[in-house]
Amino acid sequence: MQKFTQLFAEAILPILGFYYWDWSWYFILLFYILDVFAKELILNLQANRIYNTQGGDETLLTWKKSTVKSVLLGLSVLTLLHLLQYIRLPDFSVSNEIVNFFYHKEMGLPQGIILIPLIFVNVWMQYKMNFLKLNLHLKMKMSQMWSEHIHYRLFVLGIVSLGLIATTVFGLNDAVLLWSAVLVPFIYLQFFKKEV
């Protein structure tokens with residue numbers, strides 16, 4: 001139940017941004033990219049904590065191999081998402097969208113100043129509350145942590161691949177992409193989460 005509550009809290013900002021602050025799909029995608037990047041950093045902090053607590057050559061090897069797999073999967077997803085965007089909008093400009101993301105103003109403040117620290121504070125608090133406070137570095141195996149993470153990354157890659165095909169065949173609008181992105185973690189947690 002706690003995981004669903006956390007996912008619900010994470011889904012609110014993109015939904016509000018899309019419907020109330022007129023954020024584009026790519027604006028929301030940049031938000032998600034930063035969130036994934038921050039979570040990847042925290043995951044490696046967790047791995048470091050596990051390794052420092054439990055040690056072992058096998059633990060270190062698992063960490064290194066899993067980090068490479070995770071980065072490759074992340075880059076694959078990122079590439080497919082940008083290909084999807086170019087199929088939808090051939091004159092799309094990544095650099096213009098990034099500038100718009102950082103300097104888009106709500107309440108007189110550029111969003112980059114608010115969103116980037118907010119994303120990193122959120123994942124840092126999750127790390128402290130859901131990992132350190134529960135002493136998971138003493139209980140969790142490196143292989144278990146990375147196995148769950150890689151499994152989710154593979155699921156996301158599959159969904160994005162299907163989205164790319166659907167966009168090519170049918171065309172998908174921003175609202176469909178938003179709701180797909182928001183619902184993916186819920187669907188995974190309910191139906192596809194790997195039991196380890």
# chains A, B, ... in the order shown; residues from 1 in each chain; ligands from 1
$ closest_atom_pairs --of "segment 22-140 of chain A" --to "segment 8-14 of chain A" --cutoff "12 Å" --atoms "only C-alpha atoms" --output "JSON lines"
{"residue": "A:Asp22", "atom": "CA", "partner": "A:Pro14", "partner_atom": "CA", "distance": 10.3}
{"residue": "A:Trp23", "atom": "CA", "partner": "A:Pro14", "partner_atom": "CA", "distance": 8.2}
{"residue": "A:Ser24", "atom": "CA", "partner": "A:Pro14", "partner_atom": "CA", "distance": 9.9}
{"residue": "A:Trp25", "atom": "CA", "partner": "A:Pro14", "partner_atom": "CA", "distance": 9.2}
{"residue": "A:Tyr26", "atom": "CA", "partner": "A:Pro14", "partner_atom": "CA", "distance": 11.0}
{"residue": "A:Phe27", "atom": "CA", "partner": "A:Pro14", "partner_atom": "CA", "distance": 9.2}
{"residue": "A:Ile28", "atom": "CA", "partner": "A:Pro14", "partner_atom": "CA", "distance": 6.0}
{"residue": "A:Leu29", "atom": "CA", "partner": "A:Pro14", "partner_atom": "CA", "distance": 9.0}
{"residue": "A:Leu30", "atom": "CA", "partner": "A:Pro14", "partner_atom": "CA", "distance": 10.6}
{"residue": "A:Phe31", "atom": "CA", "partner": "A:Pro14", "partner_atom": "CA", "distance": 8.0}
{"residue": "A:Tyr32", "atom": "CA", "partner": "A:Pro14", "partner_atom": "CA", "distance": 8.7}
{"residue": "A:Asp35", "atom": "CA", "partner": "A:Glu10", "partner_atom": "CA", "distance": 9.8}
{"residue": "A:Leu115", "atom": "CA", "partner": "A:Leu13", "partner_atom": "CA", "distance": 9.9}
{"residue": "A:Leu118", "atom": "CA", "partner": "A:Leu13", "partner_atom": "CA", "distance": 10.8}
{"residue": "A:Ile119", "atom": "CA", "partner": "A:Glu10", "partner_atom": "CA", "distance": 9.7}
{"residue": "A:Asn122", "atom": "CA", "partner": "A:Glu10", "partner_atom": "CA", "distance": 9.2}
{"residue": "A:Val123", "atom": "CA", "partner": "A:Glu10", "partner_atom": "CA", "distance": 10.4}
{"residue": "A:Gln126", "atom": "CA", "partner": "A:Glu10", "partner_atom": "CA", "distance": 11.6}
$ write_last_selection --atoms "N, CA, C and O atoms" --output "mmCIF file, in the first residue's frame"
data_model
loop_
_atom_site.group_PDB
_atom_site.id
_atom_site.type_symbol
_atom_site.label_atom_id
_atom_site.label_comp_id
_atom_site.auth_asym_id
_atom_site.auth_seq_id
_atom_site.Cartn_x
_atom_site.Cartn_y
_atom_site.Cartn_z
ATOM 1 N N ASP A 22 -0.337 23.633 -18.486
ATOM 2 C CA ASP A 22 -0.115 23.583 -19.935
ATOM 3 C C ASP A 22 1.269 23.041 -20.308
ATOM 4 O O ASP A 22 1.900 23.507 -21.249
ATOM 5 N N TRP A 23 1.755 22.046 -19.564
ATOM 6 C CA TRP A 23 3.013 21.406 -19.918
ATOM 7 C C TRP A 23 2.787 20.521 -21.131
ATOM 8 O O TRP A 23 1.772 19.831 -21.231
ATOM 9 N N SER A 24 3.740 20.491 -22.030
ATOM 10 C CA SER A 24 3.661 19.590 -23.184
ATOM 11 C C SER A 24 4.094 18.188 -22.750
ATOM 12 O O SER A 24 4.658 17.998 -21.663
ATOM 13 N N TRP A 25 3.868 17.219 -23.633
ATOM 14 C CA TRP A 25 4.308 15.853 -23.342
ATOM 15 C C TRP A 25 5.825 15.817 -23.161
ATOM 16 O O TRP A 25 6.341 15.182 -22.250
ATOM 17 N N TYR A 26 6.556 16.516 -24.020
ATOM 18 C CA TYR A 26 8.012 16.460 -23.917
ATOM 19 C C TYR A 26 8.504 17.145 -22.640
ATOM 20 O O TYR A 26 9.486 16.714 -22.043
ATOM 21 N N PHE A 27 7.828 18.187 -22.212
ATOM 22 C CA PHE A 27 8.153 18.833 -20.937
ATOM 23 C C PHE A 27 8.042 17.793 -19.809
ATOM 24 O O PHE A 27 8.932 17.682 -18.962
ATOM 25 N N ILE A 28 6.964 17.023 -19.822
ATOM 26 C CA ILE A 28 6.754 15.983 -18.810
ATOM 27 C C ILE A 28 7.793 14.876 -18.962
ATOM 28 O O ILE A 28 8.310 14.351 -17.969
ATOM 29 N N LEU A 29 8.126 14.544 -20.206
ATOM 30 C CA LEU A 29 9.142 13.526 -20.445
ATOM 31 C C LEU A 29 10.489 13.963 -19.866
ATOM 32 O O LEU A 29 11.186 13.153 -19.251
ATOM 33 N N LEU A 30 10.855 15.218 -20.015
ATOM 34 C CA LEU A 30 12.095 15.717 -19.414
ATOM 35 C C LEU A 30 12.052 15.603 -17.890
ATOM 36 O O LEU A 30 13.052 15.265 -17.254
ATOM 37 N N PHE A 31 10.891 15.869 -17.319
ATOM 38 C CA PHE A 31 10.702 15.695 -15.879
ATOM 39 C C PHE A 31 10.979 14.234 -15.494
ATOM 40 O O PHE A 31 11.712 13.955 -14.538
ATOM 41 N N TYR A 32 10.404 13.302 -16.261
ATOM 42 C CA TYR A 32 10.627 11.873 -15.993
ATOM 43 C C TYR A 32 12.089 11.475 -16.201
ATOM 44 O O TYR A 32 12.635 10.671 -15.442
ATOM 45 N N ASP A 35 13.978 12.491 -13.228
ATOM 46 C CA ASP A 35 13.601 11.616 -12.120
ATOM 47 C C ASP A 35 14.330 10.272 -12.218
ATOM 48 O O ASP A 35 14.857 9.768 -11.221
ATOM 49 N N LEU A 115 11.813 22.465 -10.157
ATOM 50 C CA LEU A 115 11.648 21.038 -10.417
ATOM 51 C C LEU A 115 12.901 20.211 -10.163
ATOM 52 O O LEU A 115 12.812 19.119 -9.592
ATOM 53 N N LEU A 118 13.497 19.714 -6.521
ATOM 54 C CA LEU A 118 12.364 18.933 -6.008
ATOM 55 C C LEU A 118 12.531 17.449 -6.328
ATOM 56 O O LEU A 118 12.296 16.588 -5.470
ATOM 57 N N ILE A 119 12.940 17.150 -7.538
ATOM 58 C CA ILE A 119 13.156 15.757 -7.944
ATOM 59 C C ILE A 119 14.237 15.111 -7.084
ATOM 60 O O ILE A 119 14.054 14.021 -6.543
ATOM 61 N N ASN A 122 13.172 14.644 -3.445
ATOM 62 C CA ASN A 122 12.213 13.551 -3.344
ATOM 63 C C ASN A 122 12.909 12.190 -3.321
ATOM 64 O O ASN A 122 12.636 11.365 -2.447
ATOM 65 N N VAL A 123 13.821 11.942 -4.257
ATOM 66 C CA VAL A 123 14.484 10.636 -4.279
ATOM 67 C C VAL A 123 15.449 10.477 -3.103
ATOM 68 O O VAL A 123 15.611 9.378 -2.578
ATOM 69 N N GLN A 126 13.323 9.442 -0.192
ATOM 70 C CA GLN A 126 12.955 8.026 -0.340
ATOM 71 C C GLN A 126 14.123 7.131 0.069
ATOM 72 O O GLN A 126 13.930 6.113 0.732
#
$ residues_around --residues "Gly112 of chain A" --least-positions-apart "4" --cutoff "7 Å" --atoms "only C-alpha atoms" --output "list of chain:residue names"
A:Phe101, A:Phe102, A:Tyr103, A:Ile116
$ atom_distance --atom1 "atom CA of Lys141 of chain A" --atom2 "atom CA of Ala181 of chain A"
29.3 Å
$ residues_around --residues "Ser161 of chain A" --least-positions-apart "2" --cutoff "12 Å" --atoms "only C-alpha atoms" --output "PyMOL selection string"
chain A and resi 76-84+154-159+163-168
$ write_last_selection --atoms "all heavy atoms" --output "compact mmCIF listing (two decimals), in the first residue's frame"
# COMPACT_ATOMS: atom_id res chain seq x y z
N SER A 76 18.59 2.98 -24.18
CA SER A 76 17.70 2.41 -25.19
C SER A 76 16.30 3.02 -25.09
O SER A 76 15.71 3.41 -26.11
CB SER A 76 17.60 0.89 -25.03
OG SER A 76 18.85 0.29 -25.20
N VAL A 77 15.80 3.13 -23.87
CA VAL A 77 14.48 3.73 -23.66
C VAL A 77 14.50 5.20 -24.10
O VAL A 77 13.58 5.66 -24.79
CB VAL A 77 14.04 3.61 -22.18
CG1 VAL A 77 12.83 4.47 -21.87
CG2 VAL A 77 13.75 2.15 -21.83
N LEU A 78 15.54 5.91 -23.72
CA LEU A 78 15.67 7.33 -24.08
C LEU A 78 15.70 7.50 -25.60
O LEU A 78 15.02 8.39 -26.14
CB LEU A 78 16.95 7.89 -23.45
CG LEU A 78 17.17 9.39 -23.50
CD1 LEU A 78 16.08 10.12 -22.73
CD2 LEU A 78 18.53 9.73 -22.93
N THR A 79 16.43 6.66 -26.28
CA THR A 79 16.51 6.73 -27.74
C THR A 79 15.14 6.47 -28.37
O THR A 79 14.70 7.21 -29.27
CB THR A 79 17.54 5.71 -28.27
OG1 THR A 79 18.81 6.00 -27.70
CG2 THR A 79 17.63 5.74 -29.78
N LEU A 80 14.45 5.43 -27.90
CA LEU A 80 13.13 5.10 -28.46
C LEU A 80 12.12 6.22 -28.19
O LEU A 80 11.30 6.53 -29.06
CB LEU A 80 12.62 3.78 -27.89
CG LEU A 80 13.36 2.52 -28.34
CD1 LEU A 80 12.76 1.29 -27.68
CD2 LEU A 80 13.36 2.38 -29.85
N LEU A 81 12.18 6.81 -27.01
CA LEU A 81 11.25 7.91 -26.70
C LEU A 81 11.50 9.11 -27.61
O LEU A 81 10.55 9.77 -28.03
CB LEU A 81 11.39 8.32 -25.23
CG LEU A 81 10.74 7.36 -24.22
CD1 LEU A 81 11.19 7.70 -22.80
CD2 LEU A 81 9.22 7.40 -24.33
N HIS A 82 12.75 9.39 -27.90
CA HIS A 82 13.03 10.51 -28.79
C HIS A 82 12.66 10.18 -30.24
O HIS A 82 12.17 11.05 -30.96
CB HIS A 82 14.50 10.94 -28.67
CG HIS A 82 14.74 11.80 -27.49
ND1 HIS A 82 14.94 11.30 -26.23
CD2 HIS A 82 14.74 13.15 -27.36
CE1 HIS A 82 15.08 12.30 -25.39
NE2 HIS A 82 14.96 13.43 -26.04
N LEU A 83 12.84 8.93 -30.64
CA LEU A 83 12.39 8.51 -31.96
C LEU A 83 10.87 8.65 -32.07
O LEU A 83 10.35 9.17 -33.07
CB LEU A 83 12.83 7.06 -32.22
CG LEU A 83 12.50 6.46 -33.58
CD1 LEU A 83 13.10 7.29 -34.70
CD2 LEU A 83 13.02 5.03 -33.65
N LEU A 84 10.17 8.24 -31.03
CA LEU A 84 8.71 8.40 -30.97
C LEU A 84 8.32 9.87 -31.13
O LEU A 84 7.41 10.20 -31.88
CB LEU A 84 8.21 7.85 -29.63
CG LEU A 84 6.72 7.87 -29.34
CD1 LEU A 84 6.37 6.69 -28.43
CD2 LEU A 84 6.27 9.14 -28.68
N LEU A 154 13.44 -3.42 -18.06
CA LEU A 154 13.04 -4.24 -19.23
C LEU A 154 11.56 -4.07 -19.53
O LEU A 154 11.15 -3.99 -20.69
CB LEU A 154 13.37 -5.71 -18.98
CG LEU A 154 14.85 -6.09 -19.08
CD1 LEU A 154 15.09 -7.48 -18.52
CD2 LEU A 154 15.34 -5.97 -20.52
N PHE A 155 10.75 -4.00 -18.48
CA PHE A 155 9.31 -3.78 -18.65
C PHE A 155 9.05 -2.44 -19.33
O PHE A 155 8.28 -2.35 -20.28
CB PHE A 155 8.62 -3.84 -17.28
CG PHE A 155 7.15 -3.54 -17.33
CD1 PHE A 155 6.24 -4.46 -17.83
CD2 PHE A 155 6.67 -2.32 -16.88
CE1 PHE A 155 4.88 -4.18 -17.87
CE2 PHE A 155 5.32 -2.02 -16.92
CZ PHE A 155 4.42 -2.96 -17.41
N VAL A 156 9.72 -1.40 -18.85
CA VAL A 156 9.57 -0.06 -19.44
C VAL A 156 10.01 -0.08 -20.90
O VAL A 156 9.35 0.50 -21.77
CB VAL A 156 10.34 1.00 -18.63
CG1 VAL A 156 10.38 2.33 -19.35
CG2 VAL A 156 9.72 1.17 -17.25
N LEU A 157 11.12 -0.75 -21.19
CA LEU A 157 11.60 -0.84 -22.57
C LEU A 157 10.54 -1.50 -23.46
O LEU A 157 10.29 -1.04 -24.58
CB LEU A 157 12.92 -1.62 -22.63
CG LEU A 157 13.53 -1.81 -24.02
CD1 LEU A 157 13.87 -0.47 -24.67
CD2 LEU A 157 14.77 -2.69 -23.93
N GLY A 158 9.91 -2.54 -22.96
CA GLY A 158 8.84 -3.21 -23.71
C GLY A 158 7.66 -2.29 -23.97
O GLY A 158 7.13 -2.23 -25.09
N ILE A 159 7.25 -1.55 -22.95
CA ILE A 159 6.11 -0.63 -23.10
C ILE A 159 6.44 0.49 -24.09
O ILE A 159 5.63 0.85 -24.94
CB ILE A 159 5.72 -0.03 -21.72
CG1 ILE A 159 5.19 -1.12 -20.80
CG2 ILE A 159 4.71 1.10 -21.87
CD1 ILE A 159 3.90 -1.78 -21.25
N GLY A 163 4.71 1.46 -27.55
CA GLY A 163 4.27 2.84 -27.80
C GLY A 163 4.81 3.38 -29.11
O GLY A 163 4.10 4.08 -29.84
N LEU A 164 6.04 3.02 -29.42
CA LEU A 164 6.65 3.46 -30.69
C LEU A 164 5.90 2.84 -31.87
O LEU A 164 5.58 3.52 -32.84
CB LEU A 164 8.12 3.07 -30.72
CG LEU A 164 8.92 3.47 -31.95
CD1 LEU A 164 8.92 4.98 -32.13
CD2 LEU A 164 10.34 2.95 -31.86
N ILE A 165 5.58 1.56 -31.76
CA ILE A 165 4.81 0.89 -32.82
C ILE A 165 3.43 1.52 -32.96
O ILE A 165 2.97 1.83 -34.06
CB ILE A 165 4.71 -0.63 -32.54
CG1 ILE A 165 6.09 -1.27 -32.66
CG2 ILE A 165 3.72 -1.30 -33.49
CD1 ILE A 165 6.18 -2.67 -32.09
N ALA A 166 2.76 1.74 -31.82
CA ALA A 166 1.42 2.34 -31.85
C ALA A 166 1.44 3.74 -32.44
O ALA A 166 0.55 4.13 -33.19
CB ALA A 166 0.83 2.37 -30.44
N THR A 167 2.49 4.50 -32.11
CA THR A 167 2.62 5.86 -32.66
C THR A 167 2.81 5.81 -34.17
O THR A 167 2.23 6.61 -34.91
CB THR A 167 3.80 6.60 -32.00
OG1 THR A 167 3.52 6.73 -30.61
CG2 THR A 167 4.00 7.97 -32.59
N THR A 168 3.63 4.88 -34.62
CA THR A 168 3.89 4.74 -36.05
C THR A 168 2.61 4.35 -36.81
O THR A 168 2.34 4.88 -37.88
CB THR A 168 4.99 3.68 -36.29
OG1 THR A 168 6.14 4.04 -35.55
CG2 THR A 168 5.35 3.59 -37.76
$ select_by_dssp --residues "chain A" --states "strand (DSSP E or B)" --output "PyMOL selection string"
chain A and resi 105-106+109-110
$ write_last_selection --atoms "N, CA and C atoms" --output "PDB file, in the first residue's frame"
ATOM      1  N   LYS A 105       8.088  29.579 -17.000  1.00  0.00           N
ATOM      2  CA  LYS A 105       7.782  30.231 -15.717  1.00  0.00           C
ATOM      3  C   LYS A 105       6.371  29.933 -15.250  1.00  0.00           C
ATOM      4  N   GLU A 106       6.283  29.588 -13.980  1.00  0.00           N
ATOM      5  CA  GLU A 106       5.020  29.486 -13.251  1.00  0.00           C
ATOM      6  C   GLU A 106       5.202  30.335 -12.009  1.00  0.00           C
ATOM      7  N   LEU A 109       8.623  32.182 -11.475  1.00  0.00           N
ATOM      8  CA  LEU A 109       9.898  31.497 -11.294  1.00  0.00           C
ATOM      9  C   LEU A 109      10.130  30.490 -12.409  1.00  0.00           C
ATOM     10  N   PRO A 110      11.357  30.414 -12.957  1.00  0.00           N
ATOM     11  CA  PRO A 110      11.653  29.372 -13.942  1.00  0.00           C
ATOM     12  C   PRO A 110      11.486  27.985 -13.302  1.00  0.00           C
TER      13      PRO A 110
END
$ residues_around --residues "segment 49-56 of chain A" --least-positions-apart "3" --cutoff "6 Å" --atoms "only C-alpha atoms" --output "list in words"
Gln46, Thr59 and His137 of chain A
$ closest_residue --among "A:Leu45, A:Leu16, A:Ile87, A:Leu73" --to "Lys128 of chain A" --atoms "only C-alpha atoms"
A:Leu45
$ select_by_dssp --residues "segment 9-175 of chain A" --states "helix (DSSP H, G or I)" --output "VMD selection string"
chain A and resid 9 to 20 25 to 54 57 to 88 94 to 103 111 to 132 136 to 139 142 to 169 174 to 175
$ closest_residue --among "A:Leu75, A:Leu7, A:Ile33, A:Leu43" --to "Phe131 of chain A" --atoms "only C-alpha atoms"
A:Leu43
$ atom_distance --atom1 "atom CA of Ser143 of chain A" --atom2 "atom CA of Lys193 of chain A"
15.6 Å
